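final_26.cif follows; it contains mmCIF, C-alpha atoms.
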data_upload
loop_
_atom_site.label_atom_id
_atom_site.label_comp_id
_atom_site.auth_asym_id
_atom_site.auth_seq_id
_atom_site.Cartn_x
_atom_site.Cartn_y
_atom_site.Cartn_z
CA MET Q 1 -6.64 -19.03 -20.87
CA ILE Q 2 -3.61 -16.93 -19.88
CA VAL Q 3 -4.17 -14.97 -16.67
CA VAL Q 4 -2.23 -12.93 -14.11
CA GLY Q 5 -2.96 -12.74 -10.37
CA VAL Q 6 -3.28 -9.26 -8.87
CA ARG Q 7 -3.41 -8.14 -5.24
CA PHE Q 8 -4.65 -4.76 -4.05
CA LYS Q 9 -3.45 -5.17 -0.45
CA LYS Q 10 -0.30 -6.66 1.02
CA VAL Q 11 -1.93 -9.95 2.08
CA GLY Q 12 -5.28 -9.51 0.39
CA LYS Q 13 -7.16 -11.90 -1.85
CA ILE Q 14 -5.69 -12.60 -5.29
CA TYR Q 15 -7.87 -11.68 -8.27
CA TYR Q 16 -7.29 -12.95 -11.81
CA PHE Q 17 -7.21 -10.64 -14.83
CA ASP Q 18 -6.63 -11.07 -18.54
CA PRO Q 19 -3.17 -9.69 -19.48
CA ASP Q 20 -4.45 -9.13 -23.04
CA GLY Q 21 -1.36 -10.66 -24.65
CA THR Q 22 1.15 -8.72 -22.52
CA GLU Q 23 3.89 -10.54 -20.62
CA ILE Q 24 3.76 -9.17 -17.07
CA LYS Q 25 6.31 -10.11 -14.41
CA ALA Q 26 5.65 -10.47 -10.69
CA ASP Q 27 5.85 -7.30 -8.52
CA THR Q 28 4.75 -5.15 -11.48
CA GLY Q 29 2.23 -2.40 -10.77
CA VAL Q 30 -0.87 -2.47 -13.00
CA ILE Q 31 -4.03 -0.43 -13.50
CA VAL Q 32 -7.25 -2.47 -13.67
CA GLU Q 33 -10.99 -1.91 -13.73
CA THR Q 34 -12.90 -3.42 -10.80
CA ALA Q 35 -16.41 -3.26 -9.37
CA ARG Q 36 -15.22 -0.41 -7.14
CA GLY Q 37 -13.74 1.56 -10.04
CA THR Q 38 -10.24 1.97 -11.43
CA GLU Q 39 -7.68 0.46 -9.06
CA TYR Q 40 -3.90 0.18 -8.70
CA GLY Q 41 -2.72 -3.35 -7.98
CA THR Q 42 0.45 -5.42 -7.89
CA VAL Q 43 0.96 -8.60 -9.92
CA VAL Q 44 1.83 -11.49 -7.59
CA ILE Q 45 1.27 -14.32 -10.12
CA PRO Q 46 2.85 -13.70 -13.55
CA ASN Q 47 1.32 -15.04 -16.78
CA ARG Q 48 -0.11 -18.48 -16.16
CA SER Q 49 -2.27 -20.86 -18.17
CA ILE Q 50 -5.56 -21.91 -16.49
CA GLU Q 51 -8.50 -23.92 -17.87
CA ASP Q 52 -11.38 -21.77 -19.11
CA GLU Q 53 -13.83 -23.83 -17.02
CA SER Q 54 -12.32 -22.31 -13.86
CA PHE Q 55 -14.14 -19.03 -14.52
CA THR Q 56 -17.91 -18.53 -14.76
CA THR Q 57 -17.66 -15.00 -16.19
CA PRO Q 58 -15.20 -13.42 -18.64
CA LEU Q 59 -12.18 -11.89 -16.96
CA LYS Q 60 -11.57 -8.15 -17.10
CA LYS Q 61 -8.44 -7.06 -18.91
CA ILE Q 62 -5.43 -5.27 -17.51
CA LEU Q 63 -5.84 -1.64 -18.61
CA ARG Q 64 -2.11 -0.91 -18.58
CA ILE Q 65 1.13 -1.46 -16.77
CA ALA Q 66 1.54 1.33 -14.22
CA THR Q 67 3.57 4.30 -15.42
CA GLU Q 68 5.74 6.56 -13.26
CA ALA Q 69 2.81 8.97 -13.06
CA ASP Q 70 0.53 6.15 -11.87
CA ILE Q 71 3.03 5.11 -9.19
CA GLU Q 72 3.33 8.70 -7.94
CA LYS Q 73 -0.45 9.08 -7.89
CA ASN Q 74 -0.79 5.86 -5.88
CA LYS Q 75 1.74 7.19 -3.34
CA ALA Q 76 -0.21 10.45 -3.13
CA ASN Q 77 -3.42 8.50 -2.53
CA LYS Q 78 -1.77 6.68 0.39
CA GLU Q 79 -0.98 10.05 1.97
CA LYS Q 80 -4.57 11.18 1.39
CA GLU Q 81 -5.80 8.00 3.11
CA LYS Q 82 -3.79 8.92 6.24
CA GLN Q 83 -5.31 12.40 6.27
CA ALA Q 84 -8.81 10.97 5.72
CA PHE Q 85 -8.26 8.58 8.63
CA GLU Q 86 -7.53 11.42 11.06
CA ILE Q 87 -10.45 13.52 9.79
CA CYS Q 88 -12.88 10.59 10.13
CA LYS Q 89 -11.66 9.83 13.68
CA GLU Q 90 -12.37 13.43 14.65
CA LYS Q 91 -15.86 13.31 13.11
CA ILE Q 92 -16.64 10.04 14.93
CA LYS Q 93 -15.57 11.64 18.21
CA LEU Q 94 -17.73 14.72 17.59
CA ARG Q 95 -20.75 12.55 16.82
CA GLY Q 96 -20.13 10.39 19.88
CA LEU Q 97 -20.44 7.15 17.88
CA GLU Q 98 -19.45 3.83 19.52
CA MET Q 99 -17.26 2.65 16.65
CA LYS Q 100 -13.55 2.11 16.06
CA LEU Q 101 -12.05 3.26 12.76
CA VAL Q 102 -9.61 0.62 11.46
CA ASP Q 103 -8.65 1.46 7.89
CA VAL Q 104 -9.28 3.85 4.98
CA GLU Q 105 -9.12 2.89 1.30
CA MET Q 106 -9.23 5.33 -1.59
CA THR Q 107 -9.80 4.14 -5.16
CA PHE Q 108 -7.09 5.01 -7.64
CA ASP Q 109 -9.32 7.45 -9.53
CA ASN Q 110 -10.48 9.08 -6.25
CA SER Q 111 -14.11 8.24 -7.10
CA LYS Q 112 -14.77 6.62 -3.72
CA ILE Q 113 -13.36 6.52 -0.18
CA ILE Q 114 -14.07 3.43 1.94
CA PHE Q 115 -13.87 3.68 5.74
CA CYS Q 116 -13.61 0.32 7.56
CA PHE Q 117 -14.64 0.16 11.21
CA THR Q 118 -15.54 -2.26 13.99
CA ALA Q 119 -18.43 -1.94 16.45
CA ASP Q 120 -20.27 -4.13 18.95
CA GLY Q 121 -23.62 -3.66 17.22
CA ARG Q 122 -25.37 -1.74 14.47
CA ILE Q 123 -24.34 1.89 14.08
CA ASP Q 124 -26.44 4.67 12.59
CA PHE Q 125 -23.73 6.50 10.64
CA ARG Q 126 -25.95 8.41 8.20
CA GLU Q 127 -25.01 11.80 9.64
CA LEU Q 128 -21.34 10.79 9.66
CA VAL Q 129 -21.52 9.99 5.94
CA LYS Q 130 -22.93 13.47 5.30
CA ASP Q 131 -20.09 15.04 7.28
CA LEU Q 132 -17.45 13.10 5.34
CA ALA Q 133 -19.09 13.77 1.97
CA ALA Q 134 -19.06 17.52 2.72
CA VAL Q 135 -15.31 17.37 3.42
CA PHE Q 136 -14.10 15.07 0.62
CA ARG Q 137 -16.80 15.77 -2.00
CA THR Q 138 -16.75 12.23 -3.36
CA ARG Q 139 -18.62 8.96 -2.77
CA ILE Q 140 -18.32 7.73 0.81
CA GLU Q 141 -18.75 4.13 1.95
CA LEU Q 142 -18.63 2.98 5.58
CA ARG Q 143 -18.02 -0.74 5.97
CA GLN Q 144 -18.35 -2.62 9.25
CA ILE Q 145 -15.80 -5.45 9.50
CA GLY Q 146 -15.21 -8.27 11.99
CA VAL Q 147 -12.45 -8.65 14.56
CA ARG Q 148 -10.56 -11.15 12.38
CA ASP Q 149 -10.47 -8.62 9.54
CA GLU Q 150 -9.29 -5.97 12.00
CA ALA Q 151 -6.38 -8.17 13.13
CA LYS Q 152 -5.45 -8.82 9.49
CA LEU Q 153 -5.33 -5.07 8.75
CA LEU Q 154 -3.49 -4.01 11.91
CA ASN Q 155 -1.13 -7.02 12.25
CA GLY Q 156 0.57 -7.98 15.51
CA ILE Q 157 2.50 -10.75 17.29
CA GLY Q 158 0.83 -14.09 17.99
CA ILE Q 159 1.37 -16.29 21.05
CA CYS Q 160 3.94 -18.23 18.98
CA GLY Q 161 6.12 -15.10 18.82
CA ARG Q 162 5.68 -14.60 15.07
CA THR Q 163 3.66 -12.02 13.15
CA LEU Q 164 0.02 -12.98 12.65
CA CYS Q 165 -0.66 -15.57 9.93
CA CYS Q 166 -3.64 -13.62 8.62
CA ALA Q 167 -1.46 -10.56 8.02
CA THR Q 168 1.48 -12.55 6.63
CA PHE Q 169 0.26 -15.15 4.14
CA LEU Q 170 -3.42 -16.11 4.63
CA GLY Q 171 -5.42 -14.53 1.81
CA ASP Q 172 -8.82 -15.82 3.01
CA PHE Q 173 -10.22 -16.82 6.37
CA GLN Q 174 -11.33 -20.44 6.83
CA PRO Q 175 -13.90 -21.66 9.39
CA VAL Q 176 -12.30 -22.98 12.59
CA SER Q 177 -14.05 -25.18 15.17
CA ILE Q 178 -13.30 -26.25 18.75
CA LYS Q 179 -13.19 -29.88 17.51
CA MET Q 180 -9.92 -29.08 15.73
CA ALA Q 181 -8.31 -28.08 19.03
CA LYS Q 182 -9.60 -31.30 20.60
CA ASP Q 183 -8.24 -33.46 17.76
CA GLN Q 184 -4.85 -31.78 18.14
CA GLY Q 185 -4.72 -32.48 21.86
CA LEU Q 186 -4.72 -28.81 22.87
CA SER Q 187 -6.12 -27.32 26.04
CA LEU Q 188 -9.71 -26.22 25.55
CA ASN Q 189 -9.04 -23.09 27.60
CA PRO Q 190 -10.21 -20.22 25.31
CA GLY Q 191 -7.26 -18.07 26.38
CA LYS Q 192 -4.79 -20.65 25.06
CA ILE Q 193 -6.38 -21.46 21.70
CA SER Q 194 -7.55 -17.97 20.75
CA GLY Q 195 -5.60 -15.55 18.60
CA SER Q 196 -5.04 -11.81 19.05
CA CYS Q 197 -8.50 -11.20 17.55
CA GLY Q 198 -10.19 -13.24 20.30
CA ARG Q 199 -11.33 -15.95 17.87
CA LEU Q 200 -9.96 -19.49 17.51
CA MET Q 201 -6.46 -19.46 16.00
CA CYS Q 202 -6.31 -19.79 12.21
CA CYS Q 203 -3.37 -22.22 12.46
CA LEU Q 204 -5.77 -24.85 13.86
CA LYS Q 205 -7.33 -25.05 10.39
CA PHE Q 206 -4.27 -25.54 8.22
CA GLU Q 207 -2.78 -28.11 10.60
CA GLN Q 208 -6.03 -30.08 10.92
CA SER Q 209 -5.64 -32.17 7.73
CA ASN Q 210 -2.35 -33.66 8.99
CA TYR Q 211 -3.90 -34.58 12.33
CA GLU Q 212 -6.90 -36.19 10.62
CA GLU Q 213 -4.58 -38.44 8.61
CA LEU Q 214 -2.56 -39.39 11.70
CA ILE Q 215 -5.66 -40.06 13.84
CA LYS Q 216 -7.08 -42.50 11.26
CA ILE Q 217 -4.53 -45.19 12.15
CA LEU Q 218 -4.81 -44.74 15.92
CA PRO Q 219 -7.43 -46.11 18.34
CA GLY Q 220 -9.69 -43.76 20.29
CA GLU Q 221 -9.86 -43.18 24.03
CA GLY Q 222 -11.61 -46.09 25.74
CA ASP Q 223 -10.91 -48.61 22.96
CA LYS Q 224 -9.78 -52.12 23.91
CA ILE Q 225 -6.39 -52.99 22.40
CA LEU Q 226 -3.91 -55.85 22.37
CA THR Q 227 -0.35 -54.86 23.30
CA PRO Q 228 2.88 -56.89 23.63
CA ASP Q 229 2.14 -56.96 27.39
CA GLY Q 230 -1.47 -58.08 27.11
CA GLU Q 231 -4.91 -56.56 26.72
CA GLY Q 232 -5.45 -52.95 27.72
CA GLU Q 233 -7.63 -49.88 27.46
CA VAL Q 234 -6.57 -46.69 25.71
CA LEU Q 235 -6.21 -43.71 28.04
CA SER Q 236 -4.94 -41.16 25.50
CA VAL Q 237 -3.21 -40.90 22.13
CA SER Q 238 -0.45 -38.69 20.73
CA PRO Q 239 -1.07 -38.29 16.96
CA LEU Q 240 2.22 -36.55 16.15
CA ARG Q 241 4.37 -39.10 17.98
CA GLN Q 242 2.05 -41.97 16.99
CA LEU Q 243 2.00 -43.21 20.58
CA VAL Q 244 -0.81 -44.75 22.60
CA LYS Q 245 -1.04 -44.51 26.39
CA ALA Q 246 -2.86 -47.55 27.75
CA ALA Q 247 -3.75 -49.23 31.05
CA VAL Q 248 -2.68 -52.86 30.68
CA ARG Q 249 -3.45 -55.89 32.88
CA LYS Q 250 -0.04 -57.58 32.89
CA ASN Q 251 -0.58 -60.67 35.05
CA GLU Q 252 -3.18 -63.08 36.44
CA LYS Q 253 -3.35 -61.17 39.76
CA GLY Q 254 -4.97 -58.31 37.91
CA ASP Q 255 -2.18 -55.79 38.44
CA ILE Q 256 -2.61 -52.85 36.12
CA ASP Q 257 0.27 -50.90 34.66
CA VAL Q 258 0.26 -47.78 32.48
CA ALA Q 259 2.60 -47.81 29.51
CA PHE Q 260 3.17 -46.23 26.09
CA TYR Q 261 3.07 -48.19 22.84
CA SER Q 262 3.72 -47.25 19.23
CA ALA Q 263 0.94 -47.60 16.67
CA GLU Q 264 2.74 -50.58 15.08
CA GLU Q 265 2.82 -52.54 18.37
CA ILE Q 266 -0.90 -52.63 19.05
CA LYS Q 267 -4.03 -54.18 17.60
CA ILE Q 268 -7.53 -52.79 18.13
CA LEU Q 269 -9.82 -55.44 19.68
CA LYS Q 270 -12.98 -53.43 20.37
CA ARG Q 271 -13.87 -49.80 19.85
CA LYS Q 272 -15.73 -47.89 22.53
CA TYR Q 273 -18.04 -46.43 19.88
CA HIS Q 274 -19.15 -47.76 16.54
CA ALA Q 275 -18.05 -45.51 13.68
CA GLU Q 276 -21.56 -44.15 13.10
CA GLU Q 277 -22.11 -43.48 16.82
CA LYS Q 278 -18.72 -41.77 17.13
CA ILE Q 279 -19.41 -39.51 14.16
CA SER Q 280 -22.79 -38.61 15.63
CA LYS Q 281 -21.30 -37.73 19.02
CA GLU Q 282 -18.57 -35.60 17.41
CA ALA Q 283 -21.12 -33.81 15.25
CA LEU Q 284 -23.31 -33.03 18.26
CA LYS Q 285 -20.28 -31.85 20.25
CA GLU Q 286 -19.19 -29.52 17.43
CA LEU Q 287 -22.69 -28.08 17.15
CA SER Q 288 -22.82 -27.45 20.87
CA ASP Q 289 -19.36 -25.79 20.76
CA ASP Q 290 -20.45 -23.47 17.94
#
Starting from the coordinates I provided, produce the structure as structure tokens.
Amino acid sequence: MIVVGVRFKKVGKIYYFDPDGTEIKADTGVIVETARGTEYGTVVIPNRSIEDESFTTPLKKILRIATEADIEKNKANKEKEKQAFEICKEKIKLRGLEMKLVDVEMTFDNSKIIFCFTADGRIDFRELVKDLAAVFRTRIELRQIGVRDEAKLLNGIGICGRTLCCATFLGDFQPVSIKMAKDQGLSLNPGKISGSCGRLMCCLKFEQSNYEELIKILPGEGDKILTPDGEGEVLSVSPLRQLVKAAVRKNEKGDIDVAFYSAEEIKILKRKYHAEEKISKEALKELSDD
């Protein structure tokens, strides 16, 4: 099956559509039919062949490549969204609702306006919907989003000094756990491993697979190992540098010295935990962290 990938937001999720035999290049504006109505999107993946088994339902077809009139209408809708944002903020203030308006989306055919907001709990916005419907005279939808979605929409600068990953290239959010920070040797201080949204940093997830591969060939803390200087006990490991810090008994007097060894220099004599026991402890720790 030949498909094209379309995005409706700058760093939003990519949706596949049937180009219906038309060759469409990347960065081309297109008009498509979605569950929300007729939408204006941008092709980010040009014509590509994908196995039919990848899709459980038939793909919707591209209605047309955007014309100059479509492009102008989309620009006009963006201006309307800004006006709708200010009007909704004023209505929220008048109603005294404890909610923060984050974004406004208007469908291409103006059949619906979607207001995205954040709030600490459930909000009774029924009267607000009536106020907005009276002003815009179209379908109104209020959608409560999470803090990670808010950060993605608003963007910002992370502690690394770069723009947020979620607003730059991450199309979908992946679950992140405190165990990932532990595996990567990071401080478990929430202030140091949390992003601008207050949740665990997304970069922990897409770096985790590399750490898991590196950790496989290293001993764990407390394991007994054989080093070039004698038997020792592992104090800590550095996955990226592939180094092991160990306390080693170097002579018959029992003097103990702390030294670093590469993964190739050591041999594991006895693990502190059996594999099954270690997995169980990690699973319990992760559950408690969640």
Item to check | Selection under test: the PyMOL selection byres ((chain Q and resi 167) around 9); residues as a ChimeraX atom specification | outcome: /Q:10-12,151-156,163-166,168-171
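The smallest atom-to-atom distance between Q:Met180 and any of Q:Ser209, Q:Ile31, Q:Glu221, Q:Arg199, using only C-alpha atoms, is found for Q:Ser209.
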Checklist entry - If the PyMOL selection byres ((chain Q and resi 63-76) around 12) is run on the structure shown, which residues does it catch, given as a PyMOL selection string? => result chain Q and resi 6+8+17-34+38-43+60-62+77-83+105-110
Next on the checklist: Please list as a ChimeraX atom specification every residue within 12 Å of Q:Ile87, counting all atoms listed in the file and excluding residues in the same chain fewer than 2 positions away.
Outcome noted: /Q:80-85,89-94,101,104,115,128,131-136
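What the PyMOL selection byres ((chain Q and resi 185) around 12) matches in the given file is Ile178, Lys179, Met180, Ala181, Lys182, Asp183, Gln184, Leu186, Ser187, Leu188, Asn189, Ile193, Leu204, Gln208, Tyr211, Ile215, Ser236, Val237, Ser238, Pro239, Leu240 and Arg241 of chain Q.
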Hey, what's within 7 Å of Q:Phe117 if we count all atoms listed in the file and toss same-chain stuff fewer than 4 positions away? As a CSV table (one decimal) with C-alpha atoms, in the frame of the given file, please?
chain,number,residue,atom,x,y,z
Q,99,MET,CA,-17.3,2.6,16.6
Q,100,LYS,CA,-13.6,2.1,16.1
Q,101,LEU,CA,-12.0,3.3,12.8
Q,102,VAL,CA,-9.6,0.6,11.5
Q,103,ASP,CA,-8.6,1.5,7.9
Q,143,ARG,CA,-18.0,-0.7,6.0
Q,144,GLN,CA,-18.4,-2.6,9.2
Q,145,ILE,CA,-15.8,-5.4,9.5
Item to check | Separation of atom CA of Q:Ile217 from atom CA of Q:Glu231 in Å | outcome: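 Separation of atom CA of Q:Glu231 and atom CA of Q:Ile217: 18.5 Å.
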Next on the checklist: One decimal, in Å: what's the spacing between atom CA of Q:Arg7 and atom CA of Q:Val147?
Outcome noted: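 Between these atoms lies a distance of 21.8 Å.
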Checklist entry - Do you have the atom CA of Q:Gly37-atom CA of Q:Glu141 distance handy? => result 13.2 Å
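Restricting the calculation to only C-alpha atoms, the smallest distance between Q:Ile123 and any of Q:Ala246, Q:Leu97, Q:Ala259, Q:Val3 is found for Q:Leu97.
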Checklist outcome for this item: Judged by all atoms listed in the file, the minimum distance to Q:Leu214 among Q:Gln242, Q:Ser196, Q:Thr227, Q:Ser111 is found for Q:Gln242
Give, as AutoDock Vina command-line options, the centre coordinates and the x, y and z edge lengths in Å to one decimal for an axis-aligned box around all listed atoms of stretch 156-175 of chain Q, padded by 4 Å on each side.
--center_x -3.9 --center_y -14.8 --center_z 11.4 --size_x 28.0 --size_y 21.7 --size_z 27.2
